[in-house]
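> Got a structure for you, questions after.
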Amino acid sequence: QVHLVESGGGLVQAGGSLRLSCAASGSIFRINAMGWYRQAPGKQREFVARINNGGEAYYAASVKGRFTISRDNAGNTVFLNMTSLRPEDTAAYYCHGEGNLGDHWGQGTQVTVSS
């Protein structure tokens, strides 16, 4: 079992920055990659960023150059550093773990960007 807990969401003005964290616990050796998705009201959940165990990072076009995903050395925590935030970045952000036996999701953390 893998447990993911997000933190760091909040309210920020457009142009501001936030840093999200996701702490993984449990059978984390089964996780091959971790990432972030987001879901705005009335919209489908969409991919934001992903980082694999080799440290390779991938981003959605809409956030590339503004968001940076990283992991701590132990691989237990993944971060999403968000800069130049826009109102359209407003969403619930979910941590995602790609496991050998299936996917894992956190409960989500709300990010609201005011104009």
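Letters A, B, ... go to the chains of the structure tokens in the order shown; residues in each chain start at 1; ligands are counted from 1 in the same order.
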Can you pull out every residue from chain A that DSSP, working from the backbone, puts in strand (DSSP E or B), and format the result as a PyMOL selection string?
chain A and resi 2-7+10-13+18-26+31-39+46-52+57-59+64+67-71+77-82+91-99+102-105+109-114
> Neighbouring residues of stretch 55-65 of chain A were defined as those with any atom within 12 Å, considering only C-alpha atoms; residues of the same chain fewer than 4 positions away were excluded. Please report them as an NGL selection string.
:A and (32-38 or 46-51 or 69-73 or 75 or 78-86 or 88-89)
> Between A:Ala40, A:Ala91, A:Gly97, A:Trp105, which residue has the minimum interatomic distance to A:Leu11, considering only C-alpha atoms?
A:Ala91
> Running DSSP on the backbone, which parts of chain A land in helix (DSSP H, G or I), as a list in words?
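Everything in chain A that counts as helix (DSSP H, G or I) is Ile28, Phe29, Arg30, Pro87, Glu88 and Asp89 of chain A.
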> Could you check the closest approach to A:Glu6 for each of A:Arg66, A:Leu18, A:Ala24, A:Thr112 and tell me which residue wins, using only C-alpha atoms?
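Selected residue with least distance to A:Glu6: A:Ala24.
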> Which is closest to A:Leu4 among A:His96, A:Val113, A:Gly42, A:Leu101, if we use only C-alpha atoms?
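Of the candidates, the smallest distance to A:Leu4 is held by A:His96.
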> Distance table requested - stretch 14-93 of chain A against stretch 7-10 of chain A, cut-off 7 Å, only C-alpha atoms: one row per qualifying residue with the closest atom pair and its distance in Å to one decimal, ordered by chain and rising residue number, as CSV.

```
residue,atom,partner,partner_atom,distance
A:Arg19,CA,A:Gly8,CA,5.9
A:Leu20,CA,A:Gly8,CA,4.5
A:Ser21,CA,A:Ser7,CA,5.2
A:Cys22,CA,A:Ser7,CA,6.4
```
> Rank nothing, just name the residue among A:Ser17, A:Thr68, A:Ala92, A:Val2 nearest to A:Gln44, using only C-alpha atoms.
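When distances to A:Gln44 are compared using only C-alpha atoms, the smallest one comes from A:Ala92.
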